[in-house]
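Text of the file data_37.cif, holding mmCIF, C-alpha atoms:
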data_work
#
loop_
_atom_site.group_PDB
_atom_site.id
_atom_site.type_symbol
_atom_site.label_atom_id
_atom_site.label_comp_id
_atom_site.auth_asym_id
_atom_site.auth_seq_id
_atom_site.Cartn_x
_atom_site.Cartn_y
_atom_site.Cartn_z
ATOM 1 C CA MET A 299 -26.686 10.470 15.978
ATOM 2 C CA SER A 300 -26.626 13.974 14.459
ATOM 3 C CA ASP A 301 -23.206 13.123 12.994
ATOM 4 C CA ALA A 302 -23.852 9.479 12.190
ATOM 5 C CA LEU A 303 -21.677 7.222 10.061
ATOM 6 C CA VAL A 304 -23.929 5.716 7.390
ATOM 7 C CA ILE A 305 -22.897 2.487 5.665
ATOM 8 C CA ALA A 306 -25.214 0.653 3.292
ATOM 9 C CA GLY A 307 -28.159 2.669 4.605
ATOM 10 C CA LYS A 308 -27.582 1.936 8.301
ATOM 11 C CA SER A 309 -26.483 4.591 10.811
ATOM 12 C CA TYR A 310 -23.808 4.161 13.474
ATOM 13 C CA SER A 311 -22.791 6.537 16.241
ATOM 14 C CA SER A 312 -19.226 5.147 16.450
ATOM 15 C CA ARG A 313 -16.700 5.838 13.721
ATOM 16 C CA LEU A 314 -14.256 3.257 15.065
ATOM 17 C CA LEU A 315 -14.411 -0.251 13.582
ATOM 18 C CA VAL A 316 -12.352 -2.967 15.239
ATOM 19 C CA GLY A 317 -11.152 -6.478 14.528
ATOM 20 C CA THR A 318 -11.377 -9.551 16.717
ATOM 21 C CA GLY A 319 -8.047 -11.285 16.111
ATOM 22 C CA LYS A 320 -4.818 -11.572 18.137
ATOM 23 C CA TYR A 321 -6.370 -11.217 21.602
ATOM 24 C CA LYS A 322 -5.411 -13.753 24.277
ATOM 25 C CA ASP A 323 -8.992 -15.030 24.501
ATOM 26 C CA PHE A 324 -12.583 -14.140 23.678
ATOM 27 C CA ALA A 325 -13.113 -12.540 27.094
ATOM 28 C CA GLN A 326 -10.353 -9.997 26.435
ATOM 29 C CA THR A 327 -11.766 -9.450 22.948
ATOM 30 C CA ARG A 328 -15.127 -8.578 24.465
ATOM 31 C CA ALA A 329 -13.618 -6.229 27.060
ATOM 32 C CA ALA A 330 -11.542 -4.333 24.496
ATOM 33 C CA ILE A 331 -14.404 -3.941 22.056
ATOM 34 C CA GLN A 332 -16.669 -2.637 24.798
ATOM 35 C CA ALA A 333 -14.008 -0.083 25.748
ATOM 36 C CA SER A 334 -13.649 0.984 22.111
ATOM 37 C CA GLY A 335 -17.337 1.762 21.739
ATOM 38 C CA ALA A 336 -17.252 0.109 18.317
ATOM 39 C CA GLN A 337 -20.510 -1.100 16.816
ATOM 40 C CA ILE A 338 -19.049 -2.794 13.729
ATOM 41 C CA ILE A 339 -16.591 -5.631 14.345
ATOM 42 C CA THR A 340 -14.680 -7.588 11.731
ATOM 43 C CA VAL A 341 -14.380 -11.369 11.870
ATOM 44 C CA ALA A 342 -11.847 -13.391 9.879
ATOM 45 C CA ILE A 343 -13.956 -16.316 8.700
ATOM 46 C CA ARG A 344 -10.907 -18.488 7.995
ATOM 47 C CA ARG A 345 -9.433 -17.952 11.461
ATOM 48 C CA THR A 346 -12.294 -17.418 13.890
ATOM 49 C CA ASN A 347 -15.002 -19.864 14.890
ATOM 50 C CA ILE A 348 -18.495 -18.451 14.469
ATOM 51 C CA GLY A 349 -20.180 -21.835 14.344
ATOM 52 C CA GLN A 350 -18.332 -23.644 11.580
ATOM 53 C CA ASN A 351 -16.327 -25.675 14.154
ATOM 54 C CA ALA A 352 -18.856 -27.535 16.279
ATOM 55 C CA GLY A 353 -17.843 -28.167 19.870
ATOM 56 C CA GLU A 354 -15.367 -25.247 20.013
ATOM 57 C CA PRO A 355 -15.950 -21.861 21.701
ATOM 58 C CA SER A 356 -17.656 -19.455 19.324
ATOM 59 C CA LEU A 357 -16.973 -15.729 19.083
ATOM 60 C CA LEU A 358 -20.710 -15.183 18.805
ATOM 61 C CA GLU A 359 -21.120 -16.274 22.443
ATOM 62 C CA TYR A 360 -19.139 -13.176 23.464
ATOM 63 C CA LEU A 361 -20.087 -10.775 20.657
ATOM 64 C CA PRO A 362 -23.619 -11.664 19.585
ATOM 65 C CA PRO A 363 -25.101 -10.187 16.378
ATOM 66 C CA SER A 364 -27.901 -8.764 18.502
ATOM 67 C CA GLU A 365 -25.376 -6.308 20.022
ATOM 68 C CA PHE A 366 -22.909 -5.719 17.177
ATOM 69 C CA THR A 367 -22.871 -5.506 13.407
ATOM 70 C CA LEU A 368 -20.608 -8.323 12.298
ATOM 71 C CA LEU A 369 -18.361 -7.699 9.317
ATOM 72 C CA PRO A 370 -17.083 -11.041 7.969
ATOM 73 C CA ASN A 371 -13.783 -10.593 6.158
ATOM 74 C CA THR A 372 -11.616 -12.601 3.808
ATOM 75 C CA ALA A 373 -8.280 -12.327 5.659
ATOM 76 C CA GLY A 374 -5.961 -15.018 4.351
ATOM 77 C CA CYS A 375 -7.381 -15.068 0.818
ATOM 78 C CA TYR A 376 -4.986 -14.548 -2.097
ATOM 79 C CA ASN A 377 -7.322 -14.801 -5.070
ATOM 80 C CA ALA A 378 -10.831 -13.739 -6.012
ATOM 81 C CA GLU A 379 -12.232 -17.261 -6.081
ATOM 82 C CA ASP A 380 -11.242 -18.022 -2.475
ATOM 83 C CA ALA A 381 -12.538 -14.654 -1.283
ATOM 84 C CA VAL A 382 -15.940 -15.117 -2.907
ATOM 85 C CA ARG A 383 -16.242 -18.666 -1.557
ATOM 86 C CA THR A 384 -15.344 -17.496 1.968
ATOM 87 C CA LEU A 385 -17.987 -14.764 2.020
ATOM 88 C CA ARG A 386 -20.649 -17.054 0.653
ATOM 89 C CA LEU A 387 -19.867 -19.399 3.568
ATOM 90 C CA ALA A 388 -20.146 -16.465 5.980
ATOM 91 C CA ARG A 389 -23.552 -15.586 4.571
ATOM 92 C CA GLU A 390 -24.746 -19.126 5.237
ATOM 93 C CA LEU A 391 -23.334 -19.189 8.773
ATOM 94 C CA LEU A 392 -24.894 -15.807 9.604
ATOM 95 C CA ASP A 393 -28.358 -16.444 8.195
ATOM 96 C CA GLY A 394 -28.128 -14.357 5.062
ATOM 97 C CA HIS A 395 -25.913 -11.539 6.422
ATOM 98 C CA ASP A 396 -24.783 -9.502 3.401
ATOM 99 C CA LEU A 397 -22.488 -6.736 4.756
ATOM 100 C CA VAL A 398 -18.922 -7.974 4.261
ATOM 101 C CA LYS A 399 -15.326 -6.841 4.102
ATOM 102 C CA LEU A 400 -13.339 -7.943 1.067
ATOM 103 C CA GLU A 401 -9.578 -8.210 1.169
ATOM 104 C CA VAL A 402 -7.517 -10.121 -1.379
ATOM 105 C CA LEU A 403 -3.841 -10.137 -0.492
ATOM 106 C CA GLY A 404 -0.863 -10.061 -2.823
ATOM 107 C CA ASP A 405 1.617 -11.934 -0.648
ATOM 108 C CA SER A 406 2.032 -13.217 2.902
ATOM 109 C CA HIS A 407 4.996 -10.967 3.669
ATOM 110 C CA THR A 408 3.556 -7.484 3.128
ATOM 111 C CA LEU A 409 -0.184 -8.350 3.076
ATOM 112 C CA PHE A 410 -0.481 -5.653 0.412
ATOM 113 C CA PRO A 411 -3.725 -5.778 -1.604
ATOM 114 C CA ASN A 412 -3.813 -7.619 -4.911
ATOM 115 C CA MET A 413 -5.936 -5.081 -6.743
ATOM 116 C CA PRO A 414 -6.707 -6.999 -9.976
ATOM 117 C CA GLU A 415 -8.075 -9.907 -7.909
ATOM 118 C CA THR A 416 -9.799 -7.489 -5.519
ATOM 119 C CA LEU A 417 -11.645 -5.783 -8.372
ATOM 120 C CA LYS A 418 -12.619 -9.158 -9.830
ATOM 121 C CA ALA A 419 -13.978 -10.412 -6.491
ATOM 122 C CA ALA A 420 -15.802 -7.136 -5.791
ATOM 123 C CA GLU A 421 -17.639 -7.326 -9.104
ATOM 124 C CA THR A 422 -18.752 -10.922 -8.437
ATOM 125 C CA LEU A 423 -19.876 -10.175 -4.880
ATOM 126 C CA VAL A 424 -21.846 -7.049 -5.782
ATOM 127 C CA LYS A 425 -23.655 -8.976 -8.519
ATOM 128 C CA ASP A 426 -24.362 -11.701 -5.945
ATOM 129 C CA GLY A 427 -26.167 -9.227 -3.671
ATOM 130 C CA PHE A 428 -23.441 -8.526 -1.116
ATOM 131 C CA LYS A 429 -22.844 -5.081 0.379
ATOM 132 C CA VAL A 430 -19.101 -4.913 -0.009
ATOM 133 C CA MET A 431 -16.569 -2.857 1.940
ATOM 134 C CA VAL A 432 -13.137 -3.181 0.336
ATOM 135 C CA TYR A 433 -9.568 -3.103 1.654
ATOM 136 C CA CYS A 434 -7.519 -1.472 -1.103
ATOM 137 C CA THR A 435 -4.413 0.478 -1.959
ATOM 138 C CA ASP A 436 -4.364 4.249 -1.494
ATOM 139 C CA ASP A 437 -4.696 4.710 -5.259
ATOM 140 C CA PRO A 438 -7.526 7.147 -6.117
ATOM 141 C CA ILE A 439 -8.029 5.552 -9.551
ATOM 142 C CA GLN A 440 -8.503 2.067 -8.083
ATOM 143 C CA ALA A 441 -10.818 3.503 -5.419
ATOM 144 C CA ARG A 442 -12.962 5.093 -8.140
ATOM 145 C CA MET A 443 -13.068 1.784 -10.033
ATOM 146 C CA LEU A 444 -14.361 0.045 -6.902
ATOM 147 C CA GLU A 445 -17.042 2.704 -6.466
ATOM 148 C CA ASP A 446 -18.105 2.237 -10.076
ATOM 149 C CA ILE A 447 -18.529 -1.491 -9.392
ATOM 150 C CA GLY A 448 -20.941 -0.619 -6.580
ATOM 151 C CA VAL A 449 -19.116 -1.190 -3.287
ATOM 152 C CA VAL A 450 -20.550 0.510 -0.178
ATOM 153 C CA ALA A 451 -17.203 1.680 1.261
ATOM 154 C CA VAL A 452 -13.570 1.912 0.201
ATOM 155 C CA MET A 453 -10.917 1.128 2.799
ATOM 156 C CA PRO A 454 -7.454 2.339 1.725
ATOM 157 C CA LEU A 455 -4.486 1.317 3.827
ATOM 158 C CA ALA A 456 -2.598 3.899 5.862
ATOM 159 C CA SER A 457 0.453 1.608 5.852
ATOM 160 C CA LEU A 458 0.996 -2.151 5.854
ATOM 161 C CA ILE A 459 -1.286 -4.365 7.955
ATOM 162 C CA GLY A 460 0.102 -4.797 11.455
ATOM 163 C CA SER A 461 2.981 -2.359 10.874
ATOM 164 C CA GLY A 462 1.796 0.413 13.207
ATOM 165 C CA MET A 463 3.529 2.922 10.923
ATOM 166 C CA GLY A 464 0.580 5.302 10.767
ATOM 167 C CA ILE A 465 -0.459 7.311 7.704
ATOM 168 C CA LEU A 466 2.448 7.343 5.275
ATOM 169 C CA ASN A 467 0.730 9.078 2.352
ATOM 170 C CA PRO A 468 -1.876 11.600 3.517
ATOM 171 C CA TRP A 469 -1.947 13.216 0.076
ATOM 172 C CA ASN A 470 -3.300 10.116 -1.651
ATOM 173 C CA LEU A 471 -5.858 9.611 1.101
ATOM 174 C CA LYS A 472 -7.057 13.183 0.622
ATOM 175 C CA LEU A 473 -7.440 12.598 -3.136
ATOM 176 C CA ILE A 474 -9.606 9.546 -2.424
ATOM 177 C CA ILE A 475 -11.673 11.420 0.175
ATOM 178 C CA ASP A 476 -12.267 14.402 -2.108
ATOM 179 C CA GLN A 477 -13.654 12.277 -4.943
ATOM 180 C CA ALA A 478 -15.503 9.602 -2.936
ATOM 181 C CA ARG A 479 -19.255 9.098 -3.082
ATOM 182 C CA VAL A 480 -19.153 6.339 -0.442
ATOM 183 C CA PRO A 481 -17.548 6.279 3.026
ATOM 184 C CA VAL A 482 -13.749 6.223 3.113
ATOM 185 C CA ILE A 483 -12.407 4.162 6.005
ATOM 186 C CA VAL A 484 -8.708 3.972 6.787
ATOM 187 C CA ASP A 485 -7.806 0.311 7.178
ATOM 188 C CA ALA A 486 -4.422 -1.033 8.304
ATOM 189 C CA GLY A 487 -1.314 0.600 9.708
ATOM 190 C CA VAL A 488 -2.743 2.617 12.602
ATOM 191 C CA GLY A 489 -0.452 2.264 15.612
ATOM 192 C CA THR A 490 -1.735 4.642 18.258
ATOM 193 C CA ALA A 491 -4.468 7.150 19.017
ATOM 194 C CA SER A 492 -2.768 10.056 17.251
ATOM 195 C CA ASP A 493 -2.743 8.071 13.984
ATOM 196 C CA ALA A 494 -6.500 7.597 14.281
ATOM 197 C CA ALA A 495 -6.991 11.290 15.015
ATOM 198 C CA ILE A 496 -4.945 12.306 11.966
ATOM 199 C CA ALA A 497 -7.008 10.036 9.708
ATOM 200 C CA MET A 498 -10.199 11.637 10.962
ATOM 201 C CA GLU A 499 -8.780 15.156 10.679
ATOM 202 C CA LEU A 500 -8.050 14.453 7.005
ATOM 203 C CA GLY A 501 -11.752 13.808 6.493
ATOM 204 C CA CYS A 502 -11.942 10.009 6.599
ATOM 205 C CA ASP A 503 -15.372 8.759 7.603
ATOM 206 C CA ALA A 504 -14.048 6.110 9.980
ATOM 207 C CA VAL A 505 -11.008 4.070 11.002
ATOM 208 C CA LEU A 506 -10.680 0.294 11.208
ATOM 209 C CA MET A 507 -8.005 -1.354 13.325
ATOM 210 C CA ASN A 508 -7.103 -4.586 15.057
ATOM 211 C CA THR A 509 -3.418 -5.090 15.819
ATOM 212 C CA ALA A 510 -2.912 -1.639 17.375
ATOM 213 C CA ILE A 511 -5.386 -2.547 20.102
ATOM 214 C CA ALA A 512 -4.921 -6.307 20.401
ATOM 215 C CA VAL A 513 -1.108 -6.318 20.808
ATOM 216 C CA ALA A 514 -0.869 -3.219 23.009
ATOM 217 C CA GLN A 515 0.451 -3.883 26.502
ATOM 218 C CA ASP A 516 -3.023 -3.034 27.804
ATOM 219 C CA PRO A 517 -5.511 -3.721 24.991
ATOM 220 C CA VAL A 518 -8.535 -2.486 26.921
ATOM 221 C CA LEU A 519 -6.898 0.829 27.792
ATOM 222 C CA MET A 520 -5.650 1.245 24.210
ATOM 223 C CA ALA A 521 -9.170 0.586 22.920
ATOM 224 C CA SER A 522 -10.405 3.436 25.094
ATOM 225 C CA ALA A 523 -7.629 5.697 23.788
ATOM 226 C CA MET A 524 -8.511 4.874 20.190
ATOM 227 C CA LYS A 525 -12.142 5.739 20.830
ATOM 228 C CA LYS A 526 -11.118 9.173 22.074
ATOM 229 C CA GLY A 527 -8.639 9.680 19.235
ATOM 230 C CA VAL A 528 -11.294 9.019 16.606
ATOM 231 C CA GLU A 529 -13.788 11.302 18.344
ATOM 232 C CA ALA A 530 -11.246 14.125 18.741
ATOM 233 C CA GLY A 531 -10.137 13.866 15.117
ATOM 234 C CA ARG A 532 -13.723 13.967 13.876
ATOM 235 C CA GLU A 533 -14.543 17.023 15.991
ATOM 236 C CA ALA A 534 -11.408 18.800 14.750
ATOM 237 C CA PHE A 535 -12.384 18.053 11.136
ATOM 238 C CA LEU A 536 -15.893 19.387 11.658
ATOM 239 C CA ALA A 537 -14.582 22.463 13.491
ATOM 240 C CA GLY A 538 -12.237 23.405 10.656
ATOM 241 C CA ARG A 539 -8.640 24.031 11.655
ATOM 242 C CA MET A 540 -6.948 27.395 11.388
ATOM 243 C CA PRO A 541 -4.894 27.935 8.219
ATOM 244 C CA LYS A 542 -1.179 27.261 8.381
ATOM 245 C CA LYS A 543 1.049 30.315 7.950
ATOM 246 C CA LEU A 544 4.736 29.870 7.271
ATOM 247 C CA TYR A 545 6.924 32.523 8.894
ATOM 248 C CA SER A 546 3.943 34.604 9.988
ATOM 249 C CA ALA A 547 3.425 34.856 13.713
ATOM 250 C CA ALA A 548 0.095 36.134 15.012
ATOM 251 C CA PRO A 549 -0.594 37.059 18.642
ATOM 252 C CA SER A 550 -3.254 35.068 20.455
ATOM 253 C CA SER A 551 -4.638 38.206 22.097
ATOM 254 C CA PRO A 552 -5.703 41.480 20.376
ATOM 255 C CA MET A 553 -3.097 44.221 20.248
ATOM 256 C CA GLY A 554 -5.515 47.158 20.578
ATOM 257 C CA GLY A 555 -5.916 48.785 23.978
ATOM 258 C CA MET A 556 -2.636 47.471 25.357
ATOM 259 C CA ILE A 557 -1.205 49.326 28.325
ATOM 260 C CA ALA A 558 1.752 51.390 27.232
ATOM 261 C CA PRO A 559 5.099 50.253 28.645
ATOM 262 C CA LEU A 560 6.334 52.195 31.678
ATOM 263 C CA LYS A 561 9.044 54.750 30.961
ATOM 264 C CA SER A 562 12.260 54.291 32.842
ATOM 265 C CA ALA A 563 13.156 57.030 35.317
#
For this file, produce the structure as structure tokens.
Amino acid sequence: MSDALVIAGKSYSSRLLVGTGKYKDFAQTRAAIQASGAQIITVAIRRTNIGQNAGEPSLLEYLPPSEFTLLPNTAGCYNAEDAVRTLRLARELLDGHDLVKLEVLGDSHTLFPNMPETLKAAETLVKDGFKVMVYCTDDPIQARMLEDIGVVAVMPLASLIGSGMGILNPWNLKLIIDQARVPVIVDAGVGTASDAAIAMELGCDAVLMNTAIAVAQDPVLMASAMKKGVEAGREAFLAGRMPKKLYSAAPSSPMGGMIAPLKSA
């Protein structure tokens, strides 16, 4: 835990956060999450049964809160009022659980964040005692506004949810990272392990993903790959990469003491 991820005062050894949707069943969900090593898992309250539907299988039977930190989210909400209501329900279902993920969407086609409604919901939730992690655009000004409200993490998208397009604007992400006083977690758009590694190499504190694992041909194997990608990217960031040099080759080995070339007869 010497390089722990700290969110809302709690430390985590894994910097990979994963979702629980789109798997074929709860058993596969459990297997993939175990392979990922994730300790924080997101749950879409509007789409996943965690006790609100009596008589149906509950996700909590496979991923109990005693083993994982649950992160209820507001997937499927398109205005602040619905998002706040959904997270208040989650708090009741989870016995006062206050760490949540806020996402307020702009439309059902792109699933791009509606930032005016997101800011409105974040302000209400923080005042209501929630510890709020927020899915947002990769706009450094909006990210700063969320921090000023009092959220515990900002979660800018890499690209559209479920697109698998990877990080399309690393420059904006770096601006957010450089100014942030809370963890910056890339959320949405990661498609494969190299995308996760790049996010971590940029200096992100963590990566959250769902679709990239759940719809892979082998979700459990992909979860394992993502775990390694996040770890490799974090180590590379901490190590500090060599500077880039355009048009300037440098030998890997020292030139001094080289054996002189043989003279031709």
Hey, could you pull the box centre and edge lengths for range 440-446 of chain A, axis-aligned, 3 Å padding per side, all listed atoms, to one decimal in Å, as AutoDock Vina command-line options?
--center_x -13.3 --center_y 2.6 --center_z -7.7 --size_x 15.6 --size_y 11.0 --size_z 10.7
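Compared by their closest atoms to Pro468 in chain A, and using only C-alpha atoms, the residues A:Thr346, A:Ser312, A:Tyr433, A:Asp493 rank with A:Asp493 nearest.
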Problem - Shortest interatomic distance to Thr327 in chain A - which of A:Met524, A:Val513, A:Val430, A:Leu506, counting only C-alpha atoms - result: A:Val513
Practice task
State, in Å with one decimal place, the distance from CA of Arg345 in chain A to CA of Leu403 in chain A.
Solution key: 15.3 Å
Exercise for the section: Using all atoms listed in the file, give me every residue within 8 Å of (-13.0, -11.2, 13.4) in file coordinates, as a ChimeraX atom specification. Expected result: /A:317-319,339-343,345-346,369-371
Here's the selection I'm unsure about, the PyMOL selection byres ((chain A and resi 471) around 9); applied to the file above, which residues does it give, as a PDB file with C-alpha atoms, in the frame of the given file?
ATOM      1  CA  ASP A 436      -4.364   4.249  -1.494  1.00  0.00           C
ATOM      2  CA  ASP A 437      -4.696   4.710  -5.259  1.00  0.00           C
ATOM      3  CA  PRO A 438      -7.526   7.147  -6.117  1.00  0.00           C
ATOM      4  CA  PRO A 454      -7.454   2.339   1.725  1.00  0.00           C
ATOM      5  CA  LEU A 455      -4.486   1.317   3.827  1.00  0.00           C
ATOM      6  CA  ALA A 456      -2.598   3.899   5.862  1.00  0.00           C
ATOM      7  CA  ILE A 465      -0.459   7.311   7.704  1.00  0.00           C
ATOM      8  CA  ASN A 467       0.730   9.078   2.352  1.00  0.00           C
ATOM      9  CA  PRO A 468      -1.876  11.600   3.517  1.00  0.00           C
ATOM     10  CA  TRP A 469      -1.947  13.216   0.076  1.00  0.00           C
ATOM     11  CA  ASN A 470      -3.300  10.116  -1.651  1.00  0.00           C
ATOM     12  CA  LYS A 472      -7.057  13.183   0.622  1.00  0.00           C
ATOM     13  CA  LEU A 473      -7.440  12.598  -3.136  1.00  0.00           C
ATOM     14  CA  ILE A 474      -9.606   9.546  -2.424  1.00  0.00           C
ATOM     15  CA  ILE A 475     -11.673  11.420   0.175  1.00  0.00           C
ATOM     16  CA  ASP A 476     -12.267  14.402  -2.108  1.00  0.00           C
ATOM     17  CA  VAL A 482     -13.749   6.223   3.113  1.00  0.00           C
ATOM     18  CA  VAL A 484      -8.708   3.972   6.787  1.00  0.00           C
ATOM     19  CA  ALA A 497      -7.008  10.036   9.708  1.00  0.00           C
ATOM     20  CA  LEU A 500      -8.050  14.453   7.005  1.00  0.00           C
ATOM     21  CA  CYS A 502     -11.942  10.009   6.599  1.00  0.00           C
TER      22      CYS A 502
END
Exercise for the section: Within 12 Å of Ser461 in chain A, counting only C-alpha atoms, which residues show up once you throw out same-chain ones fewer than 4 positions away? Write them as a PyMOL selection string, please. Expected result: chain A and resi 407-410+455-457+465-466+485-490+507-510+513
Practice task
Considering only C-alpha atoms, return as a PyMOL selection string whatever protein or nucleic-acid residues lie within 8 Å of Lys418 in chain A, sequence-local ones (same chain, fewer than 4 positions apart) excluded.
Solution key: chain A and resi 378+414+422
Exercise for the section: May I have the protein, DNA and RNA residues with an atom at most 12 Å from (-28.7, 0.2, -0.8), counting all atoms listed in the file in the file's coordinates, returned as a ChimeraX atom specification? Expected result: /A:304-308,396-397,424,427-430,448-451,480
Fill in the blank from the handout: Pairwise distance, CA of Ala478 in chain A with CA of Arg532 in chain A, equals 17.5 Å
Exercise for the section: Give me, please, the distance in Å between CA of Ala495 in chain A and CA of Leu519 in chain A, quoted to one decimal. Expected result: 16.5 Å
Exercise for the section: Return as a count of residues only the set of residues that the PyMOL selection byres ((chain A and resi 523) around 12) yields on the displayed structure. Expected result: 30
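With all atoms listed in the file as the basis for measurement, A:Glu379 is the residue among A:Ala512, A:Glu379, A:Arg386, A:Asp323 that approaches Leu417 in chain A most closely.
Shortest separation to Arg313 in chain A among A:Ala388, A:Leu444, A:Val505, A:Met540 occurs at residue A:Val505, atoms counted being all atoms listed in the file.
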Practice task
For each of A:Ala537, A:Ala302, A:Val452, A:Leu358, take the minimum atom-to-atom distance to Arg479 in chain A, counting all atoms listed in the file, then give the residue where this is smallest.
Solution key: A:Val452
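Among the candidates A:Ala504, A:Lys320, A:Glu445, A:Asn377, the residue lying nearest to Ile338 in chain A is A:Ala504 (atoms considered: only C-alpha atoms).
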Taking the structure in the block just given, could you write range 343-359 of chain A with N, CA, C and O atoms, as a PDB file, in the first residue's frame?
ATOM      1  N   ILE A 343     -27.856   1.531 -10.308  1.00  0.00           N
ATOM      2  CA  ILE A 343     -29.013   1.287  -9.442  1.00  0.00           C
ATOM      3  C   ILE A 343     -30.288   1.082 -10.244  1.00  0.00           C
ATOM      4  O   ILE A 343     -31.169   0.304  -9.868  1.00  0.00           O
ATOM      5  N   ARG A 344     -30.409   1.723 -11.396  1.00  0.00           N
ATOM      6  CA  ARG A 344     -31.621   1.597 -12.200  1.00  0.00           C
ATOM      7  C   ARG A 344     -31.661   0.299 -13.011  1.00  0.00           C
ATOM      8  O   ARG A 344     -32.711  -0.031 -13.568  1.00  0.00           O
ATOM      9  N   ARG A 345     -30.527  -0.402 -13.081  1.00  0.00           N
ATOM     10  CA  ARG A 345     -30.469  -1.568 -13.967  1.00  0.00           C
ATOM     11  C   ARG A 345     -30.077  -2.859 -13.265  1.00  0.00           C
ATOM     12  O   ARG A 345     -30.189  -3.939 -13.845  1.00  0.00           O
ATOM     13  N   THR A 346     -29.584  -2.757 -12.058  1.00  0.00           N
ATOM     14  CA  THR A 346     -29.066  -3.932 -11.357  1.00  0.00           C
ATOM     15  C   THR A 346     -29.785  -4.115 -10.035  1.00  0.00           C
ATOM     16  O   THR A 346     -29.953  -3.159  -9.279  1.00  0.00           O
ATOM     17  N   ASN A 347     -30.188  -5.340  -9.748  1.00  0.00           N
ATOM     18  CA  ASN A 347     -30.890  -5.611  -8.498  1.00  0.00           C
ATOM     19  C   ASN A 347     -29.899  -5.777  -7.352  1.00  0.00           C
ATOM     20  O   ASN A 347     -29.033  -6.647  -7.372  1.00  0.00           O
ATOM     21  N   ILE A 348     -30.032  -4.897  -6.354  1.00  0.00           N
ATOM     22  CA  ILE A 348     -29.224  -5.031  -5.142  1.00  0.00           C
ATOM     23  C   ILE A 348     -30.145  -5.140  -3.921  1.00  0.00           C
ATOM     24  O   ILE A 348     -29.766  -4.786  -2.810  1.00  0.00           O
ATOM     25  N   GLY A 349     -31.367  -5.613  -4.206  1.00  0.00           N
ATOM     26  CA  GLY A 349     -32.332  -5.793  -3.125  1.00  0.00           C
ATOM     27  C   GLY A 349     -33.641  -5.086  -3.349  1.00  0.00           C
ATOM     28  O   GLY A 349     -34.628  -5.363  -2.664  1.00  0.00           O
ATOM     29  N   GLN A 350     -33.692  -4.186  -4.337  1.00  0.00           N
ATOM     30  CA  GLN A 350     -34.929  -3.455  -4.578  1.00  0.00           C
ATOM     31  C   GLN A 350     -35.995  -4.318  -5.254  1.00  0.00           C
ATOM     32  O   GLN A 350     -37.190  -4.004  -5.194  1.00  0.00           O
ATOM     33  N   ASN A 351     -35.571  -5.428  -5.902  1.00  0.00           N
ATOM     34  CA  ASN A 351     -36.524  -6.341  -6.552  1.00  0.00           C
ATOM     35  C   ASN A 351     -36.544  -7.651  -5.782  1.00  0.00           C
ATOM     36  O   ASN A 351     -35.742  -8.561  -6.020  1.00  0.00           O
ATOM     37  N   ALA A 352     -37.452  -7.768  -4.858  1.00  0.00           N
ATOM     38  CA  ALA A 352     -37.541  -8.964  -4.011  1.00  0.00           C
ATOM     39  C   ALA A 352     -37.840 -10.192  -4.855  1.00  0.00           C
ATOM     40  O   ALA A 352     -38.619 -10.144  -5.803  1.00  0.00           O
ATOM     41  N   GLY A 353     -37.201 -11.303  -4.508  1.00  0.00           N
ATOM     42  CA  GLY A 353     -37.437 -12.551  -5.213  1.00  0.00           C
ATOM     43  C   GLY A 353     -36.563 -12.761  -6.431  1.00  0.00           C
ATOM     44  O   GLY A 353     -36.586 -13.835  -7.041  1.00  0.00           O
ATOM     45  N   GLU A 354     -35.769 -11.750  -6.839  1.00  0.00           N
ATOM     46  CA  GLU A 354     -34.864 -11.879  -7.972  1.00  0.00           C
ATOM     47  C   GLU A 354     -33.424 -12.011  -7.471  1.00  0.00           C
ATOM     48  O   GLU A 354     -33.105 -11.539  -6.379  1.00  0.00           O
ATOM     49  N   PRO A 355     -32.540 -12.644  -8.263  1.00  0.00           N
ATOM     50  CA  PRO A 355     -31.136 -12.739  -7.852  1.00  0.00           C
ATOM     51  C   PRO A 355     -30.542 -11.350  -7.623  1.00  0.00           C
ATOM     52  O   PRO A 355     -30.802 -10.414  -8.380  1.00  0.00           O
ATOM     53  N   SER A 356     -29.777 -11.225  -6.564  1.00  0.00           N
ATOM     54  CA  SER A 356     -29.167  -9.940  -6.226  1.00  0.00           C
ATOM     55  C   SER A 356     -27.664  -9.988  -6.483  1.00  0.00           C
ATOM     56  O   SER A 356     -26.995 -10.984  -6.186  1.00  0.00           O
ATOM     57  N   LEU A 357     -27.142  -8.889  -7.026  1.00  0.00           N
ATOM     58  CA  LEU A 357     -25.700  -8.788  -7.257  1.00  0.00           C
ATOM     59  C   LEU A 357     -24.922  -8.945  -5.966  1.00  0.00           C
ATOM     60  O   LEU A 357     -23.797  -9.474  -5.969  1.00  0.00           O
ATOM     61  N   LEU A 358     -25.512  -8.528  -4.866  1.00  0.00           N
ATOM     62  CA  LEU A 358     -24.812  -8.564  -3.583  1.00  0.00           C
ATOM     63  C   LEU A 358     -24.543  -9.988  -3.110  1.00  0.00           C
ATOM     64  O   LEU A 358     -23.686 -10.203  -2.252  1.00  0.00           O
ATOM     65  N   GLU A 359     -25.252 -10.973  -3.663  1.00  0.00           N
ATOM     66  CA  GLU A 359     -24.978 -12.372  -3.331  1.00  0.00           C
ATOM     67  C   GLU A 359     -23.637 -12.811  -3.914  1.00  0.00           C
ATOM     68  O   GLU A 359     -22.991 -13.722  -3.396  1.00  0.00           O
TER      69      GLU A 359
END
